[in-house]
file model-v1.json (JSON, C-alpha atoms)
[["chain", "number", "residue", "atom", "x", "y", "z"],
["C", 189, "MET", "CA", -19.69, -13.68, -11.58],
["C", 190, "LEU", "CA", -18.02, -13.10, -8.22],
["C", 191, "ILE", "CA", -14.35, -12.08, -8.44],
["C", 192, "THR", "CA", -11.80, -10.71, -5.99],
["C", 193, "LYS", "CA", -9.43, -7.77, -6.40],
["C", 194, "LYS", "CA", -6.37, -7.78, -4.13],
["C", 195, "ILE", "CA", -4.90, -4.35, -3.33],
["C", 196, "LYS", "CA", -1.77, -3.59, -1.31],
["C", 197, "LEU", "CA", -2.16, -1.39, 1.78],
["C", 198, "GLU", "CA", 0.23, 1.23, 3.10],
["C", 199, "ALA", "CA", -0.18, 1.15, 6.88],
["C", 200, "SER", "CA", 1.77, 2.94, 9.60],
["C", 201, "GLU", "CA", 3.51, 1.12, 12.45],
["C", 202, "GLN", "CA", 0.66, 1.93, 14.82],
["C", 203, "ASP", "CA", -1.97, 0.61, 12.40],
["C", 204, "ALA", "CA", 0.11, -2.51, 11.74],
["C", 205, "ALA", "CA", 0.35, -3.13, 15.49],
["C", 206, "THR", "CA", -3.45, -2.75, 15.77],
["C", 207, "LEU", "CA", -4.02, -5.29, 12.99],
["C", 208, "GLU", "CA", -1.58, -7.69, 14.64],
["C", 209, "PHE", "CA", -3.38, -7.33, 17.97],
["C", 210, "MET", "CA", -6.82, -8.02, 16.49],
["C", 211, "GLN", "CA", -5.70, -11.00, 14.42],
["C", 212, "ALA", "CA", -3.90, -12.48, 17.45],
["C", 213, "LYS", "CA", -7.07, -12.27, 19.56],
["C", 214, "CYS", "CA", -9.18, -13.79, 16.79],
["C", 215, "ARG", "CA", -6.67, -16.58, 16.33],
["C", 216, "GLY", "CA", -6.58, -17.24, 20.08],
["C", 217, "LEU", "CA", -10.37, -17.51, 20.21],
["C", 218, "TYR", "CA", -10.33, -19.89, 17.23],
["C", 219, "ASN", "CA", -7.59, -22.09, 18.72],
["C", 220, "TRP", "CA", -9.32, -22.17, 22.11],
["C", 221, "TRP", "CA", -12.45, -23.63, 20.55],
["C", 222, "VAL", "CA", -10.45, -26.11, 18.48],
["C", 223, "MET", "CA", -8.68, -27.40, 21.60],
["C", 224, "LYS", "CA", -12.02, -27.72, 23.41],
["C", 225, "LEU", "CA", -13.38, -29.82, 20.53],
["C", 226, "ARG", "CA", -10.22, -31.96, 20.50],
["C", 227, "ASN", "CA", -10.68, -32.70, 24.19],
["C", 228, "GLY", "CA", -14.06, -34.26, 23.45],
["C", 229, "GLU", "CA", -16.51, -31.39, 23.92],
["C", 230, "PRO", "CA", -19.34, -31.61, 21.34],
["C", 231, "TRP", "CA", -19.79, -28.86, 18.77],
["C", 232, "PRO", "CA", -22.99, -26.96, 19.74],
["C", 233, "GLY", "CA", -23.42, -25.27, 16.37],
["C", 234, "THR", "CA", -22.45, -21.86, 15.02],
["C", 235, "LEU", "CA", -25.29, -19.86, 16.59],
["C", 236, "ALA", "CA", -25.02, -21.55, 20.00],
["C", 237, "ALA", "CA", -21.24, -21.11, 20.04],
["C", 238, "LYS", "CA", -21.56, -17.43, 19.11],
["C", 239, "LYS", "CA", -23.72, -16.81, 22.20],
["C", 240, "THR", "CA", -20.73, -17.74, 24.40],
["C", 241, "LEU", "CA", -18.84, -14.66, 23.17],
["C", 242, "LYS", "CA", -20.15, -12.61, 26.09],
["C", 243, "GLU", "CA", -18.60, -15.03, 28.59],
["C", 244, "SER", "CA", -15.33, -14.97, 26.65],
["C", 245, "ARG", "CA", -15.25, -11.18, 26.93],
["C", 246, "LYS", "CA", -15.56, -11.44, 30.71],
["C", 247, "TYR", "CA", -12.72, -13.98, 30.84],
["C", 248, "ASP", "CA", -10.47, -11.92, 28.52],
["C", 249, "PRO", "CA", -11.34, -8.18, 28.65],
["C", 250, "GLU", "CA", -8.92, -7.46, 25.77],
["C", 251, "LEU", "CA", -11.48, -8.96, 23.39],
["C", 252, "ASN", "CA", -13.49, -5.77, 23.84],
["C", 253, "SER", "CA", -10.82, -3.90, 21.85],
["C", 254, "VAL", "CA", -11.45, -6.14, 18.84],
["C", 255, "TYR", "CA", -14.21, -5.24, 16.40],
["C", 256, "ASN", "CA", -17.29, -7.35, 17.17],
["C", 257, "LYS", "CA", -17.85, -8.49, 13.56],
["C", 258, "LEU", "CA", -14.35, -9.97, 13.44],
["C", 259, "LEU", "CA", -15.02, -12.09, 16.53],
["C", 260, "GLN", "CA", -18.33, -13.27, 15.12],
["C", 261, "GLU", "CA", -16.62, -14.25, 11.88],
["C", 262, "VAL", "CA", -14.40, -16.63, 13.90],
["C", 263, "PHE", "CA", -17.44, -18.77, 14.80],
["C", 264, "PHE", "CA", -18.67, -18.82, 11.20],
["C", 265, "ARG", "CA", -15.25, -19.99, 9.97],
["C", 266, "LEU", "CA", -15.07, -22.67, 12.64],
["C", 267, "GLY", "CA", -18.65, -23.72, 11.86],
["C", 268, "ALA", "CA", -17.81, -24.11, 8.15],
["C", 269, "ALA", "CA", -14.74, -26.19, 9.07],
["C", 270, "MET", "CA", -16.82, -28.46, 11.31],
["C", 271, "ASP", "CA", -19.51, -28.87, 8.65],
["C", 272, "THR", "CA", -16.94, -30.06, 6.11],
["C", 273, "PHE", "CA", -15.44, -32.35, 8.77],
["C", 274, "PHE", "CA", -18.81, -34.02, 9.41],
["C", 275, "LYS", "CA", -19.44, -34.24, 5.66],
["C", 276, "ARG", "CA", -16.15, -36.07, 5.06],
["C", 277, "CYS", "CA", -16.91, -38.45, 7.93],
["C", 278, "LYS", "CA", -20.33, -39.19, 6.47],
["C", 279, "ASN", "CA", -18.89, -39.89, 3.01],
["C", 280, "GLY", "CA", -16.23, -42.23, 4.43],
["C", 281, "GLU", "CA", -13.33, -39.95, 3.45],
["C", 282, "LYS", "CA", -10.32, -38.89, 5.52],
["C", 283, "PRO", "CA", -11.87, -36.78, 8.34],
["C", 284, "GLY", "CA", -9.32, -33.95, 8.55],
["C", 285, "PHE", "CA", -10.26, -32.36, 11.88],
["C", 286, "PRO", "CA", -9.81, -28.52, 12.05],
["C", 287, "ARG", "CA", -6.25, -27.58, 12.94],
["C", 288, "VAL", "CA", -4.84, -25.04, 15.35],
["C", 289, "ARG", "CA", -3.73, -21.88, 13.58],
["C", 290, "PRO", "CA", 0.02, -21.26, 14.08],
["C", 291, "ARG", "CA", 1.29, -18.14, 15.80],
["C", 292, "HIS", "CA", 3.57, -17.02, 12.95],
["C", 293, "SER", "CA", 0.73, -17.03, 10.40],
["C", 294, "PHE", "CA", -1.64, -14.10, 9.95],
["C", 295, "PHE", "CA", -5.27, -14.89, 10.81],
["C", 296, "THR", "CA", -7.29, -13.28, 8.00],
["C", 297, "LEU", "CA", -9.65, -10.53, 9.16],
["C", 298, "CYS", "CA", -12.98, -10.43, 7.26],
["C", 299, "TYR", "CA", -14.91, -7.14, 7.32],
["C", 300, "PRO", "CA", -18.45, -6.71, 5.90],
["C", 301, "ALA", "CA", -18.66, -3.93, 3.33],
["C", 302, "SER", "CA", -21.40, -2.02, 5.17],
["C", 303, "TYR", "CA", -19.05, -1.29, 8.10],
["C", 304, "LEU", "CA", -16.15, 0.09, 6.03],
["C", 305, "LYS", "CA", -15.43, 3.55, 4.66],
["C", 306, "ILE", "CA", -13.09, 4.74, 1.90],
["C", 307, "GLU", "CA", -12.14, 8.43, 2.01],
["C", 308, "ASN", "CA", -9.75, 9.86, -0.59],
["C", 309, "GLY", "CA", -8.14, 6.48, -1.24],
["C", 310, "VAL", "CA", -7.82, 5.64, 2.48],
["C", 311, "LEU", "CA", -9.51, 2.51, 3.82],
["C", 312, "ILE", "CA", -10.86, 2.95, 7.36],
["C", 313, "LEU", "CA", -11.06, -0.28, 9.39],
["C", 314, "PRO", "CA", -13.00, 0.05, 12.66],
["C", 315, "THR", "CA", -11.81, -1.37, 15.98],
["C", 316, "GLY", "CA", -13.63, -2.26, 19.21],
["C", 317, "GLU", "CA", -15.15, -0.02, 21.92],
["C", 318, "ARG", "CA", -16.16, 3.65, 21.75],
["C", 319, "GLY", "CA", -15.40, 6.96, 23.42],
["C", 320, "LYS", "CA", -12.88, 7.06, 26.26],
["C", 321, "LYS", "CA", -12.81, 3.26, 26.48],
["C", 322, "LYS", "CA", -11.49, 2.98, 22.93],
["C", 323, "LYS", "CA", -7.95, 1.70, 23.35],
["C", 324, "TYR", "CA", -6.97, 1.31, 19.69],
["C", 325, "PRO", "CA", -8.00, 3.97, 17.14],
["C", 326, "ASP", "CA", -9.48, 2.98, 13.79],
["C", 327, "VAL", "CA", -6.97, 1.71, 11.26],
["C", 328, "ARG", "CA", -6.42, 4.09, 8.34],
["C", 329, "ALA", "CA", -4.56, 2.33, 5.53],
["C", 330, "LYS", "CA", -3.88, 3.91, 2.14],
["C", 331, "LEU", "CA", -4.93, 1.93, -0.94],
["C", 332, "THR", "CA", -2.31, 1.68, -3.69],
["C", 333, "GLU", "CA", -5.06, 1.11, -6.29],
["C", 334, "GLU", "CA", -8.64, 2.19, -6.73],
["C", 335, "ALA", "CA", -11.14, -0.09, -4.98],
["C", 336, "PRO", "CA", -14.14, -1.54, -6.85],
["C", 337, "ALA", "CA", -17.34, 0.47, -6.76],
["C", 338, "ASP", "CA", -19.77, -2.09, -5.33],
["C", 339, "PHE", "CA", -17.73, -4.50, -3.22],
["C", 340, "GLY", "CA", -18.93, -7.02, -0.67],
["C", 341, "GLU", "CA", -16.72, -8.62, 1.96],
["C", 342, "VAL", "CA", -13.16, -7.35, 2.46],
["C", 343, "ALA", "CA", -10.43, -9.71, 3.72],
["C", 344, "ILE", "CA", -7.27, -8.27, 5.30],
["C", 345, "SER", "CA", -4.19, -10.48, 4.94],
["C", 346, "ARG", "CA", -0.39, -10.28, 5.27],
["C", 347, "ASP", "CA", 2.39, -11.86, 3.24],
["C", 348, "GLY", "CA", 5.82, -13.14, 4.27],
["C", 349, "ARG", "CA", 7.42, -9.70, 3.96],
["C", 350, "SER", "CA", 4.95, -8.06, 6.38],
["C", 351, "ASN", "CA", 3.01, -6.34, 3.59],
["C", 352, "TYR", "CA", -0.72, -5.99, 4.15],
["C", 353, "TYR", "CA", -3.37, -6.52, 1.49],
["C", 354, "ALA", "CA", -7.12, -5.98, 1.18],
["C", 355, "SER", "CA", -9.11, -8.39, -1.01],
["C", 356, "PHE", "CA", -12.35, -6.84, -2.29],
["C", 357, "SER", "CA", -15.01, -9.28, -3.54],
["C", 358, "HIS", "CA", -17.38, -7.83, -6.13],
["C", 359, "GLN", "CA", -19.67, -8.92, -8.94],
["C", 360, "ARG", "CA", -18.71, -8.62, -12.60],
["C", 361, "GLN", "CA", -21.03, -9.20, -15.49],
["C", 362, "GLU", "CA", -20.08, -12.20, -17.59],
["C", 363, "GLU", "CA", -19.23, -11.59, -21.21],
["C", 364, "GLU", "CA", -21.23, -13.35, -23.87],
["C", 365, "LEU", "CA", -19.37, -16.09, -25.68],
["C", 366, "SER", "CA", -18.68, -15.33, -29.31],
["C", 367, "PRO", "CA", -19.13, -18.17, -31.82],
["C", 368, "GLY", "CA", -15.90, -19.73, -33.00],
["C", 369, "SER", "CA", -13.74, -22.83, -32.94],
["C", 370, "VAL", "CA", -13.41, -24.97, -29.83],
["C", 371, "VAL", "CA", -10.22, -26.16, -28.12],
["C", 372, "ALA", "CA", -10.43, -28.84, -25.40],
["C", 373, "PHE", "CA", -7.64, -29.11, -22.79],
["C", 374, "ASP", "CA", -6.76, -31.90, -20.37],
["C", 375, "LEU", "CA", -4.59, -31.29, -17.29],
["C", 376, "GLY", "CA", -1.49, -33.45, -16.97],
["C", 377, "ILE", "CA", 1.26, -34.28, -14.47],
["C", 378, "LYS", "CA", 4.54, -33.71, -16.32],
["C", 379, "THR", "CA", 3.02, -31.04, -18.55],
["C", 380, "LEU", "CA", 0.50, -28.47, -17.41],
["C", 381, "ALA", "CA", -2.10, -29.18, -20.09],
["C", 382, "VAL", "CA", -2.56, -30.90, -23.45],
["C", 383, "GLY", "CA", -5.30, -29.75, -25.82],
["C", 384, "THR", "CA", -6.75, -30.42, -29.23],
["C", 385, "ASN", "CA", -8.98, -28.45, -31.57],
["C", 386, "GLU", "CA", -11.61, -29.36, -34.13],
["C", 387, "GLN", "CA", -9.01, -29.74, -36.89],
["C", 388, "GLY", "CA", -7.10, -32.42, -34.96],
["C", 389, "ARG", "CA", -4.17, -30.26, -33.94],
["C", 390, "PHE", "CA", -2.59, -30.83, -30.51],
["C", 391, "TYR", "CA", -1.28, -28.21, -28.11],
["C", 392, "HIS", "CA", 1.13, -28.81, -25.20],
["C", 393, "VAL", "CA", 1.46, -26.18, -22.47],
["C", 394, "GLY", "CA", 4.42, -26.57, -20.12],
["C", 395, "GLY", "CA", 4.19, -25.53, -16.46],
["C", 396, "PHE", "CA", 6.43, -24.33, -13.64],
["C", 397, "LYS", "CA", 9.81, -26.12, -13.69],
["C", 398, "GLY", "CA", 11.60, -24.72, -10.63],
["C", 399, "SER", "CA", 9.78, -26.50, -7.83],
["C", 400, "LYS", "CA", 12.61, -28.99, -7.14],
["C", 401, "TRP", "CA", 15.14, -26.19, -6.56],
["C", 402, "TYR", "CA", 12.81, -24.36, -4.16],
["C", 403, "ASN", "CA", 12.03, -27.60, -2.33],
["C", 404, "ARG", "CA", 15.75, -28.18, -1.72],
["C", 405, "GLN", "CA", 16.17, -24.65, -0.40],
["C", 406, "LEU", "CA", 13.19, -25.04, 1.93],
["C", 407, "ASP", "CA", 14.53, -28.37, 3.19],
["C", 408, "LYS", "CA", 17.89, -26.77, 4.03],
["C", 409, "ILE", "CA", 16.22, -23.95, 5.93],
["C", 410, "ARG", "CA", 14.03, -26.39, 7.87],
["C", 411, "SER", "CA", 17.01, -28.56, 8.78],
["C", 412, "LYS", "CA", 18.91, -25.54, 10.12],
["C", 413, "ARG", "CA", 15.88, -24.32, 12.03],
["C", 414, "ASP", "CA", 15.28, -27.72, 13.66],
["C", 415, "LYS", "CA", 18.75, -27.51, 15.27],
["C", 416, "CYS", "CA", 17.94, -24.20, 16.96],
["C", 417, "LYS", "CA", 16.13, -23.59, 20.18],
["C", 418, "LYS", "CA", 12.51, -22.63, 19.67],
["C", 419, "LYS", "CA", 11.68, -18.91, 19.85],
["C", 420, "SER", "CA", 15.38, -18.02, 19.82],
["C", 421, "ARG", "CA", 16.69, -15.20, 17.64],
["C", 422, "ARG", "CA", 18.12, -17.53, 15.01],
["C", 423, "TYR", "CA", 14.97, -19.68, 15.03],
["C", 424, "THR", "CA", 12.82, -16.59, 14.43],
["C", 425, "HIS", "CA", 15.17, -15.37, 11.68],
["C", 426, "LEU", "CA", 15.11, -18.72, 9.85],
["C", 427, "SER", "CA", 11.32, -18.81, 10.13],
["C", 428, "LYS", "CA", 11.10, -15.43, 8.38],
["C", 429, "VAL", "CA", 13.53, -16.61, 5.67],
["C", 430, "TYR", "CA", 11.44, -19.75, 5.18],
["C", 431, "LYS", "CA", 8.29, -17.67, 4.74],
["C", 432, "ARG", "CA", 10.00, -15.42, 2.18],
["C", 433, "VAL", "CA", 11.30, -18.33, 0.09],
["C", 434, "SER", "CA", 7.97, -20.16, 0.18],
["C", 435, "GLU", "CA", 6.18, -16.97, -0.81],
["C", 436, "LYS", "CA", 8.54, -16.50, -3.75],
["C", 437, "LYS", "CA", 7.82, -20.07, -4.86],
["C", 438, "ARG", "CA", 4.07, -19.49, -4.64],
["C", 439, "ASN", "CA", 4.34, -16.26, -6.61],
["C", 440, "LYS", "CA", 6.28, -17.94, -9.41],
["C", 441, "GLN", "CA", 3.76, -20.77, -9.58],
["C", 442, "ARG", "CA", 0.88, -18.29, -9.66],
["C", 443, "ASP", "CA", 2.64, -16.24, -12.35],
["C", 444, "SER", "CA", 3.19, -19.35, -14.47],
["C", 445, "LEU", "CA", -0.48, -20.34, -14.22],
["C", 446, "HIS", "CA", -1.57, -16.79, -15.03],
["C", 447, "LYS", "CA", 0.60, -16.70, -18.14],
["C", 448, "ALA", "CA", -0.68, -20.11, -19.22],
["C", 449, "SER", "CA", -4.33, -19.09, -18.82],
["C", 450, "HIS", "CA", -3.74, -15.81, -20.67],
["C", 451, "LEU", "CA", -1.88, -17.63, -23.43],
["C", 452, "ILE", "CA", -4.67, -20.17, -23.84],
["C", 453, "GLY", "CA", -7.52, -17.69, -23.61],
["C", 454, "HIS", "CA", -6.19, -14.77, -25.67],
["C", 455, "LYS", "CA", -3.08, -15.69, -27.62],
["C", 456, "LEU", "CA", -3.33, -19.39, -28.28],
["C", 457, "VAL", "CA", -1.41, -19.27, -31.56],
["C", 458, "GLU", "CA", 0.04, -16.04, -32.91],
["C", 459, "ARG", "CA", 1.39, -17.58, -36.11],
["C", 460, "THR", "CA", 3.01, -20.84, -37.04],
["C", 461, "CYS", "CA", 6.59, -21.28, -38.08],
["C", 462, "ASP", "CA", 7.59, -23.00, -41.30],
["C", 463, "SER", "CA", 10.60, -24.69, -39.76],
["C", 464, "PHE", "CA", 10.33, -28.21, -38.39],
["C", 465, "CYS", "CA", 12.49, -29.82, -35.75],
["C", 466, "ARG", "CA", 13.03, -33.45, -34.82],
["C", 467, "ASN", "CA", 11.85, -34.58, -31.34],
["C", 468, "ARG", "CA", 13.27, -37.96, -30.35],
["C", 469, "ALA", "CA", 11.09, -38.37, -27.27],
["C", 470, "ILE", "CA", 7.88, -38.39, -29.33],
["C", 471, "GLY", "CA", 9.35, -39.49, -32.64],
["C", 472, "GLY", "CA", 7.57, -36.99, -34.88],
["C", 473, "TRP", "CA", 7.91, -33.61, -36.51],
["C", 474, "ARG", "CA", 6.67, -30.61, -34.58],
["C", 475, "THR", "CA", 5.90, -27.01, -35.38],
["C", 476, "ARG", "CA", 6.85, -24.76, -32.51],
["C", 477, "CYS", "CA", 4.66, -21.71, -32.12],
["C", 478, "LEU", "CA", 6.85, -19.45, -30.03],
["C", 479, "LYS", "CA", 5.86, -16.06, -31.44],
["C", 480, "SER", "CA", 3.70, -15.01, -28.48],
["C", 481, "ASN", "CA", 5.16, -12.23, -26.34],
["C", 482, "LEU", "CA", 4.20, -14.21, -23.19],
["C", 483, "THR", "CA", 6.29, -17.26, -24.10],
["C", 484, "THR", "CA", 9.12, -18.03, -21.64],
["C", 485, "ASP", "CA", 11.36, -21.01, -20.87],
["C", 486, "MET", "CA", 8.79, -22.23, -18.33],
["C", 487, "LEU", "CA", 5.78, -21.75, -20.61],
["C", 488, "LYS", "CA", 5.87, -23.00, -24.20],
["C", 489, "LEU", "CA", 3.00, -23.66, -26.56],
["C", 490, "VAL", "CA", 3.74, -26.48, -29.02],
["C", 491, "GLU", "CA", 1.46, -27.26, -31.96],
["C", 492, "THR", "CA", 1.73, -30.76, -33.39],
["C", 493, "GLN", "CA", 0.51, -31.31, -36.93],
["C", 494, "PRO", "CA", -0.99, -34.60, -38.16],
["C", 495, "ALA", "CA", 1.45, -37.03, -39.75],
["C", 496, "HIS", "CA", 0.13, -36.77, -43.34],
["C", 497, "ASP", "CA", 0.34, -32.95, -43.22],
["C", 498, "GLN", "CA", 3.94, -33.17, -42.04],
["C", 499, "GLN", "CA", 4.99, -35.50, -44.84],
["C", 500, "LYS", "CA", 3.19, -33.34, -47.38],
["C", 501, "ALA", "CA", 4.92, -30.21, -46.12],
["C", 502, "LEU", "CA", 8.32, -31.94, -46.25],
["C", 503, "SER", "CA", 7.76, -33.17, -49.81],
["C", 504, "LEU", "CA", 6.89, -29.63, -50.97],
["C", 505, "ARG", "CA", 10.16, -28.34, -49.59]]
call {"tool": "encode", "arguments": {"input": "model-v1.json", "output": "structure tokens"}}
result
Amino acid sequence: MLITKKIKLEASEQDAATLEFMQAKCRGLYNWWVMKLRNGEPWPGTLAAKKTLKESRKYDPELNSVYNKLLQEVFFRLGAAMDTFFKRCKNGEKPGFPRVRPRHSFFTLCYPASYLKIENGVLILPTGERGKKKKYPDVRAKLTEEAPADFGEVAISRDGRSNYYASFSHQRQEEELSPGSVVAFDLGIKTLAVGTNEQGRFYHVGGFKGSKWYNRQLDKIRSKRDKCKKKSRRYTHLSKVYKRVSEKKRNKQRDSLHKASHLIGHKLVERTCDSFCRNRAIGGWRTRCLKSNLTTDMLKLVETQPAHDQQKALSLR
């Protein structure tokens, strides 16, 4: 099973400037090809497009300072985007032509594992050129966690607070399934998931509830930014605030999904309560199983008993 481990990097100002330079050049090469395709030029294919890199280096000598594997990865990413575009057109779906990457977003840098080195917890990322022509030294970023032993591709990314991360992809052996009872879950719209087991019991898992508040905040920031002149100081400031708020929303959504998956997979039901409570919306008695240490206001696991078991339990009381 292929999984990814994301580790935060501690980079100096010089290394951060080097990463920004390389991602800007890769993004410019990607956008240049996208605009050519939008103007009607046919897509020659990934291999044929990659052969034009030599001419691009002559046109823009600064591309020589970018690591060659990063520039080649641009053509593979664009080729994958064009393949999915042609596939959607063939299936009669919405085409979705590849978009231009915005300037304020970080263009992910993908390094093959064979060209990277880790020395004493420091990840060394190579740059372009050699010897006296080498304009930017190799990036040396400290890993905050231990990297996997046998990793494949490494993706360098940046969040809204200018923190850099390295995502290591590696293989992990799948665990054998132990025999036991089965619970089937169905994803919903108002609730995250609804499940049932072999005994006929139902489980309701609530999801993230704060999306409306974050959407209002993002709308306010966008409305203020639209009144400013582009690339002005206030416009740049509001863009950074917008990225921070949207990142916080994504993190809360990801945290809610992680808690739900952990609750379902490991601590589905800790123990049931003997108390029953009336629910007018559904019109039945429910047993709330809220004894898990992962249960929050956003994430609640509710076990509903069959009607005859509820009446029997009430008569015994």
call {"tool": "atom_distance", "arguments": {"input": "model-v1.json", "atom1": "atom CA of C:Val393", "atom2": "atom CA of C:Glu435"}}
result
24.0 Å
call {"tool": "atom_distance", "arguments": {"input": "model-v1.json", "atom1": "atom CA of C:Phe373", "atom2": "atom CA of C:Asn403"}}
result
28.4 Å
call {"tool": "atom_distance", "arguments": {"input": "model-v1.json", "atom1": "atom CA of C:Ser449", "atom2": "atom CA of C:Lys436"}}
result
20.0 Å
call {"tool": "closest_atom_pairs", "arguments": {"input": "model-v1.json", "of": "stretch 241-274 of chain C", "to": "stretch 318-328 of chain C", "cutoff": "12 Å", "atoms": "only C-alpha atoms", "output": "tab-separated table"}}
result
residue	atom	partner	partner_atom	distance
C:Pro249	CA	C:Lys323	CA	11.7
C:Glu250	CA	C:Lys323	CA	9.5
C:Leu251	CA	C:Lys323	CA	11.2
C:Asn252	CA	C:Lys322	CA	9.0
C:Ser253	CA	C:Lys323	CA	6.5
C:Val254	CA	C:Tyr324	CA	8.7
C:Tyr255	CA	C:Asp326	CA	9.8
C:Asn256	CA	C:Arg318	CA	12.0
call {"tool": "residues_around", "arguments": {"input": "model-v1.json", "residues": "C:Pro290", "least_positions_apart": "3", "cutoff": "9 Å", "atoms": "only C-alpha atoms", "output": "JSON, numbers by chain"}}
result
{"C": [215, 219, 287, 293, 294, 295]}
call {"tool": "closest_residue", "arguments": {"input": "model-v1.json", "among": "C:Ala448, C:Ala343, C:Ser399, C:Lys330", "to": "C:Leu380", "atoms": "only C-alpha atoms"}}
result
C:Ala448
call {"tool": "decode", "arguments": {"input": "model-v1.json", "residues": "stretch 326-338 of chain C", "atoms": "N, CA, C and O atoms", "output": "mmCIF file, in the first residue's frame"}}
result
data_model
loop_
_atom_site.group_PDB
_atom_site.id
_atom_site.type_symbol
_atom_site.label_atom_id
_atom_site.label_comp_id
_atom_site.auth_asym_id
_atom_site.auth_seq_id
_atom_site.Cartn_x
_atom_site.Cartn_y
_atom_site.Cartn_z
ATOM 1 N N ASP C 326 22.759 24.349 -3.081
ATOM 2 C CA ASP C 326 21.757 23.339 -2.748
ATOM 3 C C ASP C 326 21.005 23.729 -1.476
ATOM 4 O O ASP C 326 21.583 24.267 -0.523
ATOM 5 N N VAL C 327 19.721 23.432 -1.484
ATOM 6 C CA VAL C 327 18.873 23.758 -0.331
ATOM 7 C C VAL C 327 19.095 22.706 0.752
ATOM 8 O O VAL C 327 19.020 21.499 0.498
ATOM 9 N N ARG C 328 19.363 23.174 1.956
ATOM 10 C CA ARG C 328 19.557 22.293 3.110
ATOM 11 C C ARG C 328 18.488 22.639 4.143
ATOM 12 O O ARG C 328 18.595 23.642 4.866
ATOM 13 N N ALA C 329 17.446 21.802 4.198
ATOM 14 C CA ALA C 329 16.317 22.038 5.102
ATOM 15 C C ALA C 329 16.292 20.953 6.170
ATOM 16 O O ALA C 329 16.437 19.761 5.859
ATOM 17 N N LYS C 330 16.106 21.351 7.420
ATOM 18 C CA LYS C 330 16.083 20.409 8.529
ATOM 19 C C LYS C 330 14.707 19.786 8.654
ATOM 20 O O LYS C 330 13.687 20.483 8.633
ATOM 21 N N LEU C 331 14.666 18.459 8.810
ATOM 22 C CA LEU C 331 13.415 17.730 8.985
ATOM 23 C C LEU C 331 13.022 17.739 10.453
ATOM 24 O O LEU C 331 13.850 17.454 11.331
ATOM 25 N N THR C 332 11.767 18.064 10.741
ATOM 26 C CA THR C 332 11.281 18.057 12.125
ATOM 27 C C THR C 332 10.931 16.656 12.600
ATOM 28 O O THR C 332 10.757 16.446 13.808
ATOM 29 N N GLU C 333 10.807 15.692 11.688
ATOM 30 C CA GLU C 333 10.541 14.306 12.043
ATOM 31 C C GLU C 333 11.475 13.409 11.237
ATOM 32 O O GLU C 333 12.109 13.855 10.273
ATOM 33 N N GLU C 334 11.517 12.163 11.631
ATOM 34 C CA GLU C 334 12.359 11.206 10.927
ATOM 35 C C GLU C 334 11.679 10.772 9.633
ATOM 36 O O GLU C 334 10.489 10.435 9.631
ATOM 37 N N ALA C 335 12.407 10.781 8.537
ATOM 38 C CA ALA C 335 11.865 10.408 7.231
ATOM 39 C C ALA C 335 11.748 8.890 7.122
ATOM 40 O O ALA C 335 12.477 8.149 7.788
ATOM 41 N N PRO C 336 10.835 8.396 6.292
ATOM 42 C CA PRO C 336 10.737 6.947 6.087
ATOM 43 C C PRO C 336 12.018 6.379 5.504
ATOM 44 O O PRO C 336 12.801 7.082 4.853
ATOM 45 N N ALA C 337 12.228 5.086 5.737
ATOM 46 C CA ALA C 337 13.466 4.446 5.295
ATOM 47 C C ALA C 337 13.542 4.364 3.775
ATOM 48 O O ALA C 337 14.461 4.895 3.150
ATOM 49 N N ASP C 338 12.590 3.703 3.159
ATOM 50 C CA ASP C 338 12.579 3.514 1.704
ATOM 51 C C ASP C 338 11.453 4.364 1.121
ATOM 52 O O ASP C 338 10.309 3.918 1.025
#
